[in-house]
file input_35.pdb (PDB, C-alpha atoms, pLDDT in the B column)
ATOM      1  CA  MET D   1     -65.597  12.296  40.287  1.00 54.00           C
ATOM      2  CA  ILE D   2     -65.016  14.990  37.647  1.00 56.00           C
ATOM      3  CA  ARG D   3     -61.288  14.881  38.378  1.00 51.00           C
ATOM      4  CA  LYS D   4     -61.225  11.123  37.893  1.00 50.00           C
ATOM      5  CA  MET D   5     -63.078  11.419  34.555  1.00 49.00           C
ATOM      6  CA  LEU D   6     -60.772  14.211  33.411  1.00 45.00           C
ATOM      7  CA  LEU D   7     -57.700  12.147  34.312  1.00 46.00           C
ATOM      8  CA  THR D   8     -59.123   9.159  32.416  1.00 51.00           C
ATOM      9  CA  VAL D   9     -59.766  11.306  29.324  1.00 45.00           C
ATOM     10  CA  ILE D  10     -56.253  12.799  29.435  1.00 46.00           C
ATOM     11  CA  CYS D  11     -54.644   9.356  29.781  1.00 48.00           C
ATOM     12  CA  THR D  12     -56.761   7.937  26.964  1.00 47.00           C
ATOM     13  CA  VAL D  13     -55.941  10.825  24.626  1.00 42.00           C
ATOM     14  CA  SER D  14     -52.225  10.675  25.522  1.00 42.00           C
ATOM     15  CA  PHE D  15     -52.093   6.928  24.966  1.00 41.00           C
ATOM     16  CA  GLY D  16     -53.842   7.367  21.606  1.00 44.00           C
ATOM     17  CA  MET D  17     -51.285   9.993  20.539  1.00 39.00           C
ATOM     18  CA  ILE D  18     -48.370   7.814  21.577  1.00 37.00           C
ATOM     19  CA  LYS D  19     -49.867   4.802  19.855  1.00 40.00           C
ATOM     20  CA  ALA D  20     -50.467   6.835  16.676  1.00 39.00           C
ATOM     21  CA  GLN D  21     -46.784   7.829  16.606  1.00 40.00           C
ATOM     22  CA  THR D  22     -45.489   4.305  17.113  1.00 37.00           C
ATOM     23  CA  VAL D  23     -43.387   3.081  14.204  1.00 36.00           C
ATOM     24  CA  PRO D  24     -44.373  -0.381  12.994  1.00 37.00           C
ATOM     25  CA  THR D  25     -41.763  -3.062  13.560  1.00 37.00           C
ATOM     26  CA  VAL D  26     -40.248  -5.197  10.827  1.00 35.00           C
ATOM     27  CA  THR D  27     -41.583  -8.722  11.056  1.00 36.00           C
ATOM     28  CA  GLN D  28     -39.330 -10.311   8.470  1.00 39.00           C
ATOM     29  CA  VAL D  29     -35.597 -10.555   9.089  1.00 36.00           C
ATOM     30  CA  PRO D  30     -33.448 -10.511   5.935  1.00 37.00           C
ATOM     31  CA  THR D  31     -31.557 -13.689   5.132  1.00 36.00           C
ATOM     32  CA  VAL D  32     -27.782 -13.559   5.482  1.00 37.00           C
ATOM     33  CA  THR D  33     -25.562 -15.592   3.160  1.00 39.00           C
ATOM     34  CA  SER D  34     -23.013 -18.004   4.570  1.00 40.00           C
ATOM     35  CA  ASN D  35     -20.000 -15.816   3.596  1.00 49.00           C
ATOM     36  CA  LYS D  36     -21.509 -12.814   5.349  1.00 49.00           C
ATOM     37  CA  GLU D  37     -22.378 -14.962   8.381  1.00 48.00           C
ATOM     38  CA  LYS D  38     -18.710 -15.868   8.720  1.00 51.00           C
ATOM     39  CA  PHE D  39     -17.709 -12.210   8.465  1.00 56.00           C
ATOM     40  CA  TYR D  40     -20.260 -10.986  10.996  1.00 50.00           C
ATOM     41  CA  GLU D  41     -19.329 -13.725  13.459  1.00 54.00           C
ATOM     42  CA  GLN D  42     -15.864 -12.130  13.453  1.00 58.00           C
ATOM     43  CA  LEU D  43     -17.154  -8.560  13.711  1.00 70.00           C
ATOM     44  CA  PRO D  44     -16.520  -8.095  17.450  1.00 86.00           C
ATOM     45  CA  LEU D  45     -12.811  -8.806  16.928  1.00 92.00           C
ATOM     46  CA  VAL D  46     -12.768  -6.603  13.830  1.00 94.00           C
ATOM     47  CA  LYS D  47     -14.237  -3.797  15.949  1.00 94.00           C
ATOM     48  CA  GLU D  48     -11.447  -4.333  18.482  1.00 96.00           C
ATOM     49  CA  VAL D  49      -8.767  -4.025  15.778  1.00 97.00           C
ATOM     50  CA  ILE D  50     -10.365  -0.809  14.509  1.00 97.00           C
ATOM     51  CA  SER D  51     -10.644   0.532  18.053  1.00 97.00           C
ATOM     52  CA  PHE D  52      -6.988  -0.276  18.660  1.00 98.00           C
ATOM     53  CA  ALA D  53      -6.011   1.482  15.418  1.00 98.00           C
ATOM     54  CA  LYS D  54      -7.975   4.596  16.463  1.00 98.00           C
ATOM     55  CA  GLU D  55      -5.957   4.786  19.682  1.00 98.00           C
ATOM     56  CA  HIS D  56      -2.944   5.665  17.518  1.00 98.00           C
ATOM     57  CA  LEU D  57      -4.443   8.602  15.625  1.00 98.00           C
ATOM     58  CA  SER D  58      -1.887  11.388  15.175  1.00 97.00           C
ATOM     59  CA  THR D  59       1.113   9.098  15.705  1.00 98.00           C
ATOM     60  CA  ARG D  60       3.777  10.508  13.402  1.00 98.00           C
ATOM     61  CA  TYR D  61       4.816   9.008  10.097  1.00 98.00           C
ATOM     62  CA  ARG D  62       8.226   7.330  10.050  1.00 98.00           C
ATOM     63  CA  SER D  63       9.642   5.547   7.023  1.00 97.00           C
ATOM     64  CA  GLY D  64      10.039   1.863   7.916  1.00 97.00           C
ATOM     65  CA  GLY D  65       8.363   2.532  11.284  1.00 97.00           C
ATOM     66  CA  THR D  66       6.522  -0.248  13.089  1.00 96.00           C
ATOM     67  CA  THR D  67       6.129   1.190  16.604  1.00 97.00           C
ATOM     68  CA  THR D  68       4.315   3.974  18.415  1.00 97.00           C
ATOM     69  CA  HIS D  69       7.424   6.121  17.845  1.00 98.00           C
ATOM     70  CA  GLY D  70       6.292   6.310  14.211  1.00 98.00           C
ATOM     71  CA  PHE D  71       4.678   4.164  11.521  1.00 98.00           C
ATOM     72  CA  ASP D  72       4.835   3.840   7.796  1.00 98.00           C
ATOM     73  CA  CYS D  73       1.594   2.622   6.195  1.00 98.00           C
ATOM     74  CA  SER D  74       2.280  -1.111   6.215  1.00 98.00           C
ATOM     75  CA  GLY D  75       4.033  -0.877   9.585  1.00 98.00           C
ATOM     76  CA  PHE D  76       0.832   0.578  11.003  1.00 98.00           C
ATOM     77  CA  THR D  77      -1.493  -2.124   9.634  1.00 98.00           C
ATOM     78  CA  ARG D  78       1.039  -4.779  10.665  1.00 98.00           C
ATOM     79  CA  PHE D  79       1.221  -3.295  14.199  1.00 98.00           C
ATOM     80  CA  CYS D  80      -2.579  -3.264  14.572  1.00 98.00           C
ATOM     81  CA  PHE D  81      -3.073  -6.858  13.444  1.00 97.00           C
ATOM     82  CA  LYS D  82      -0.016  -8.138  15.314  1.00 97.00           C
ATOM     83  CA  HIS D  83      -1.613  -6.913  18.563  1.00 97.00           C
ATOM     84  CA  PHE D  84      -4.329  -9.512  17.893  1.00 95.00           C
ATOM     85  CA  GLY D  85      -1.961 -12.321  16.909  1.00 94.00           C
ATOM     86  CA  VAL D  86      -1.990 -11.900  13.118  1.00 95.00           C
ATOM     87  CA  LEU D  87       1.382 -11.280  11.500  1.00 95.00           C
ATOM     88  CA  LEU D  88       1.111  -9.348   8.230  1.00 97.00           C
ATOM     89  CA  PRO D  89       4.175  -8.798   6.026  1.00 97.00           C
ATOM     90  CA  HIS D  90       5.929  -5.420   6.341  1.00 93.00           C
ATOM     91  CA  SER D  91       5.355  -4.095   2.866  1.00 97.00           C
ATOM     92  CA  SER D  92       2.189  -2.757   1.331  1.00 97.00           C
ATOM     93  CA  SER D  93       2.688  -4.790  -1.841  1.00 96.00           C
ATOM     94  CA  ALA D  94       3.117  -8.013   0.180  1.00 98.00           C
ATOM     95  CA  GLN D  95       0.002  -7.162   2.226  1.00 98.00           C
ATOM     96  CA  GLY D  96      -1.774  -6.938  -1.130  1.00 97.00           C
ATOM     97  CA  ASN D  97      -1.360 -10.707  -1.411  1.00 97.00           C
ATOM     98  CA  VAL D  98      -2.730 -11.567   2.034  1.00 97.00           C
ATOM     99  CA  GLY D  99      -6.301 -12.687   2.547  1.00 96.00           C
ATOM    100  CA  GLU D 100      -8.949 -12.675  -0.128  1.00 97.00           C
ATOM    101  CA  ALA D 101      -9.581 -10.041  -2.790  1.00 98.00           C
ATOM    102  CA  VAL D 102     -13.095  -8.591  -2.568  1.00 97.00           C
ATOM    103  CA  PRO D 103     -14.847  -6.138  -4.889  1.00 97.00           C
ATOM    104  CA  LYS D 104     -14.949  -2.520  -3.697  1.00 97.00           C
ATOM    105  CA  ARG D 105     -18.751  -2.681  -3.418  1.00 96.00           C
ATOM    106  CA  GLU D 106     -18.362  -5.504  -0.844  1.00 96.00           C
ATOM    107  CA  ALA D 107     -15.750  -3.720   1.298  1.00 97.00           C
ATOM    108  CA  GLN D 108     -16.309  -4.013   5.051  1.00 96.00           C
ATOM    109  CA  PRO D 109     -14.695  -2.537   8.169  1.00 96.00           C
ATOM    110  CA  GLY D 110     -11.532  -4.481   8.966  1.00 97.00           C
ATOM    111  CA  ASP D 111     -10.566  -5.001   5.322  1.00 97.00           C
ATOM    112  CA  LEU D 112      -7.249  -3.717   4.007  1.00 98.00           C
ATOM    113  CA  ILE D 113      -7.491  -1.054   1.305  1.00 98.00           C
ATOM    114  CA  LEU D 114      -4.626  -0.820  -1.204  1.00 98.00           C
ATOM    115  CA  PHE D 115      -3.316   1.990  -3.364  1.00 97.00           C
ATOM    116  CA  LYS D 116      -0.612   2.682  -5.917  1.00 96.00           C
ATOM    117  CA  GLY D 117       2.364   4.688  -4.686  1.00 88.00           C
ATOM    118  CA  HIS D 118       2.723   8.468  -5.069  1.00 76.00           C
ATOM    119  CA  SER D 119       2.236   8.333  -8.828  1.00 75.00           C
ATOM    120  CA  ALA D 120      -1.181   7.302 -10.125  1.00 73.00           C
ATOM    121  CA  GLY D 121       0.612   6.018 -13.221  1.00 78.00           C
ATOM    122  CA  GLU D 122       2.453   3.293 -11.301  1.00 79.00           C
ATOM    123  CA  ASN D 123       1.127  -0.232 -11.412  1.00 82.00           C
ATOM    124  CA  ARG D 124       2.438  -1.599  -8.149  1.00 92.00           C
ATOM    125  CA  ILE D 125       0.921  -1.289  -4.686  1.00 97.00           C
ATOM    126  CA  GLY D 126       2.656   1.384  -2.633  1.00 96.00           C
ATOM    127  CA  HIS D 127       0.209   2.209   0.166  1.00 97.00           C
ATOM    128  CA  VAL D 128      -2.187   0.392   2.513  1.00 98.00           C
ATOM    129  CA  GLY D 129      -4.825   1.349   5.075  1.00 98.00           C
ATOM    130  CA  LEU D 130      -7.485  -0.261   7.254  1.00 98.00           C
ATOM    131  CA  ILE D 131     -11.153   0.300   6.408  1.00 98.00           C
ATOM    132  CA  THR D 132     -13.010   1.619   9.459  1.00 98.00           C
ATOM    133  CA  GLU D 133     -16.426   2.456   8.049  1.00 97.00           C
ATOM    134  CA  VAL D 134     -18.503   1.862   4.934  1.00 97.00           C
ATOM    135  CA  ILE D 135     -21.674   3.876   4.391  1.00 94.00           C
ATOM    136  CA  GLY D 136     -23.222   3.308   0.986  1.00 91.00           C
ATOM    137  CA  ASP D 137     -20.383   3.751  -1.476  1.00 90.00           C
ATOM    138  CA  GLN D 138     -18.309   5.892   0.929  1.00 96.00           C
ATOM    139  CA  ILE D 139     -15.285   4.093   2.371  1.00 98.00           C
ATOM    140  CA  LYS D 140     -13.464   5.623   5.346  1.00 98.00           C
ATOM    141  CA  PHE D 141     -10.052   4.250   6.270  1.00 98.00           C
ATOM    142  CA  ILE D 142      -7.293   4.840   8.796  1.00 98.00           C
ATOM    143  CA  HIS D 143      -3.670   4.799   7.674  1.00 98.00           C
ATOM    144  CA  SER D 144      -0.258   6.297   8.280  1.00 98.00           C
ATOM    145  CA  ALA D 145       0.404   8.933   5.634  1.00 97.00           C
ATOM    146  CA  TRP D 146       3.749  10.644   5.078  1.00 93.00           C
ATOM    147  CA  ASN D 147       1.963  14.014   5.380  1.00 92.00           C
ATOM    148  CA  GLY D 148       0.178  13.700   8.685  1.00 93.00           C
ATOM    149  CA  GLY D 149       0.898  10.370  10.305  1.00 98.00           C
ATOM    150  CA  VAL D 150      -1.972   8.163  11.435  1.00 98.00           C
ATOM    151  CA  ARG D 151      -5.203   9.737  10.257  1.00 98.00           C
ATOM    152  CA  TYR D 152      -8.520   9.111   8.530  1.00 98.00           C
ATOM    153  CA  ASP D 153      -9.190   9.603   4.850  1.00 98.00           C
ATOM    154  CA  TYR D 154     -11.945   8.696   2.400  1.00 98.00           C
ATOM    155  CA  LEU D 155     -11.634   6.712  -0.796  1.00 98.00           C
ATOM    156  CA  HIS D 156     -13.766   9.256  -2.673  1.00 97.00           C
ATOM    157  CA  ALA D 157     -11.027  11.917  -2.243  1.00 96.00           C
ATOM    158  CA  SER D 158      -9.543  12.330  -5.717  1.00 95.00           C
ATOM    159  CA  TYR D 159      -5.964  11.595  -4.541  1.00 94.00           C
ATOM    160  CA  TYR D 160      -6.988   8.154  -3.265  1.00 96.00           C
ATOM    161  CA  GLU D 161      -9.620   7.425  -5.881  1.00 95.00           C
ATOM    162  CA  ARG D 162      -7.016   7.765  -8.678  1.00 95.00           C
ATOM    163  CA  ARG D 163      -4.621   5.434  -6.867  1.00 96.00           C
ATOM    164  CA  PHE D 164      -7.094   2.795  -5.646  1.00 97.00           C
ATOM    165  CA  VAL D 165      -5.968  -0.771  -6.391  1.00 97.00           C
ATOM    166  CA  GLY D 166      -8.209  -3.053  -4.352  1.00 97.00           C
ATOM    167  CA  VAL D 167      -9.564  -4.420  -1.088  1.00 98.00           C
ATOM    168  CA  ARG D 168      -8.352  -7.505   0.771  1.00 98.00           C
ATOM    169  CA  ARG D 169     -10.436  -9.343   3.374  1.00 97.00           C
ATOM    170  CA  VAL D 170      -8.243 -10.523   6.240  1.00 95.00           C
ATOM    171  CA  ALA D 171     -10.857 -10.886   9.011  1.00 87.00           C
ATOM    172  CA  HIS D 172     -10.739 -14.680   8.748  1.00 86.00           C
ATOM    173  CA  LEU D 173      -7.105 -14.520   9.905  1.00 88.00           C
ATOM    174  CA  LEU D 174      -8.332 -12.922  13.149  1.00 83.00           C
ATOM    175  CA  ALA D 175     -10.891 -15.670  13.652  1.00 75.00           C
ATOM    176  CA  ASP D 176      -8.175 -18.318  13.299  1.00 74.00           C
ATOM    177  CA  LYS D 177      -6.305 -16.864  16.305  1.00 64.00           C
TER     178      LYS D 177
END

call {"tool": "encode", "arguments": {"input": "input_35.pdb", "output": "structure tokens"}}
result
Amino acid sequence: MIRKMLLTVICTVSFGMIKAQTVPTVTQVPTVTSNKEKFYEQLPLVKEVISFAKEHLSTRYRSGGTTTHGFDCSGFTRFCFKHFGVLLPHSSSAQGNVGEAVPKREAQPGDLILFKGHSAGENRIGHVGLITEVIGDQIKFIHSAWNGGVRYDYLHASYYERRFVGVRRVAHLLADK
């Protein structure tokens, strides 16, 4: 009898401790706007494009390259999207005209990120990458760089921050395929 009472007390105390540590659940779900709904409907395919791009990390840089033997920046983004039926032009400046321009603060994974060429003083687009992650105001992208091939970088790095031109949303092109 004492054992049974002791077991009951232990279970009651344990349950109380667990219950006290339980985090309350959110009862109200935030409303999503229609533009964001469209984007998030396409997210699984966007994730596939990003996953496919990641498979090519460390592939060497090759001027004019569009294959796994070597990529230039626009050849890499073109290669990744082409795998999913979307044909982007093979120049970073031409890719800067595809899709819809979005403000940097609205950047999402799957968007193209555009930069000036080697000189921050230039006005024309000379480099492109694919955004893979956005956490707060930190934007991570994958691209083929002349000094390292396919790799990750962050927009907040001074080299890229000085050369940043814009973001283009192309996810809707994936949804059309």

call {"tool": "closest_residue", "arguments": {"input": "input_35.pdb", "among": "D:Glu133, D:Glu161, D:Val128, D:Phe81", "to": "D:Ala94", "atoms": "all atoms listed in the file"}}
result
D:Val128

call {"tool": "atom_distance", "arguments": {"input": "input_35.pdb", "atom1": "atom CA of D:Ala171", "atom2": "atom CA of D:Gly110"}}
result
6.4 Å

call {"tool": "residues_near_point", "arguments": {"input": "input_35.pdb", "point": "(-1.0, -14.5, 14.3)", "cutoff": "9 Å", "atoms": "all atoms listed in the file", "output": "JSON list (two decimals) with C-alpha atoms, keeping the file's coordinate frame"}}
result
[["chain", "number", "residue", "atom", "x", "y", "z"],
["D", 81, "PHE", "CA", -3.07, -6.86, 13.44],
["D", 82, "LYS", "CA", -0.02, -8.14, 15.31],
["D", 83, "HIS", "CA", -1.61, -6.91, 18.56],
["D", 84, "PHE", "CA", -4.33, -9.51, 17.89],
["D", 85, "GLY", "CA", -1.96, -12.32, 16.91],
["D", 86, "VAL", "CA", -1.99, -11.90, 13.12],
["D", 87, "LEU", "CA", 1.38, -11.28, 11.50],
["D", 88, "LEU", "CA", 1.11, -9.35, 8.23],
["D", 173, "LEU", "CA", -7.10, -14.52, 9.90],
["D", 174, "LEU", "CA", -8.33, -12.92, 13.15],
["D", 176, "ASP", "CA", -8.18, -18.32, 13.30],
["D", 177, "LYS", "CA", -6.30, -16.86, 16.30]]

call {"tool": "resolve_selection", "arguments": {"input": "input_35.pdb", "expression": "the PyMOL selection byres ((chain D and resi 46) around 10)", "output": "MDAnalysis selection string"}}
result
chainID D and resid 39:45 47:52 81 84 108:111 132 170:172 174:175

call {"tool": "resolve_selection", "arguments": {"input": "input_35.pdb", "expression": "the PyMOL selection byres ((chain D and resi 93) around 12)", "output": "compact mmCIF listing (two decimals) with C-alpha atoms, keeping the file's coordinate frame"}}
result
# COMPACT_ATOMS: atom_id res chain seq x y z
CA CYS D 73 1.59 2.62 6.20
CA SER D 74 2.28 -1.11 6.22
CA LEU D 88 1.11 -9.35 8.23
CA PRO D 89 4.18 -8.80 6.03
CA HIS D 90 5.93 -5.42 6.34
CA SER D 91 5.36 -4.10 2.87
CA SER D 92 2.19 -2.76 1.33
CA ALA D 94 3.12 -8.01 0.18
CA GLN D 95 0.00 -7.16 2.23
CA GLY D 96 -1.77 -6.94 -1.13
CA ASN D 97 -1.36 -10.71 -1.41
CA VAL D 98 -2.73 -11.57 2.03
CA LEU D 112 -7.25 -3.72 4.01
CA ILE D 113 -7.49 -1.05 1.30
CA LEU D 114 -4.63 -0.82 -1.20
CA PHE D 115 -3.32 1.99 -3.36
CA LYS D 116 -0.61 2.68 -5.92
CA GLY D 117 2.36 4.69 -4.69
CA ASN D 123 1.13 -0.23 -11.41
CA ARG D 124 2.44 -1.60 -8.15
CA ILE D 125 0.92 -1.29 -4.69
CA GLY D 126 2.66 1.38 -2.63
CA HIS D 127 0.21 2.21 0.17
CA VAL D 128 -2.19 0.39 2.51
CA GLY D 129 -4.82 1.35 5.08
CA VAL D 165 -5.97 -0.77 -6.39
CA GLY D 166 -8.21 -3.05 -4.35
CA ARG D 168 -8.35 -7.50 0.77

call {"tool": "closest_residue", "arguments": {"input": "input_35.pdb", "among": "D:His143, D:Arg105, D:Arg169, D:Arg163", "to": "D:Phe79", "atoms": "all atoms listed in the file"}}
result
D:His143

call {"tool": "atom_distance", "arguments": {"input": "input_35.pdb", "atom1": "atom CA of D:Arg78", "atom2": "atom CA of D:Asp137"}}
result
26.1 Å

call {"tool": "resolve_selection", "arguments": {"input": "input_35.pdb", "expression": "the PyMOL selection byres ((chain D and resi 156) around 12)", "output": "number ranges by chain"}}
result
D: 104, 134-141, 153-155, 157-164

call {"tool": "atom_distance", "arguments": {"input": "input_35.pdb", "atom1": "atom CA of D:Gly75", "atom2": "atom CA of D:Ser63"}}
result
8.9 Å

call {"tool": "closest_residue", "arguments": {"input": "input_35.pdb", "among": "D:Ile142, D:Val167, D:Ile131, D:Ala120", "to": "D:Thr59", "atoms": "all atoms listed in the file"}}
result
D:Ile142

call {"tool": "residues_around", "arguments": {"input": "input_35.pdb", "residues": "D:Trp146", "least_positions_apart": "3", "cutoff": "8 Å", "atoms": "all atoms listed in the file", "output": "ChimeraX atom specification"}}
result
/D:61-62,72,149
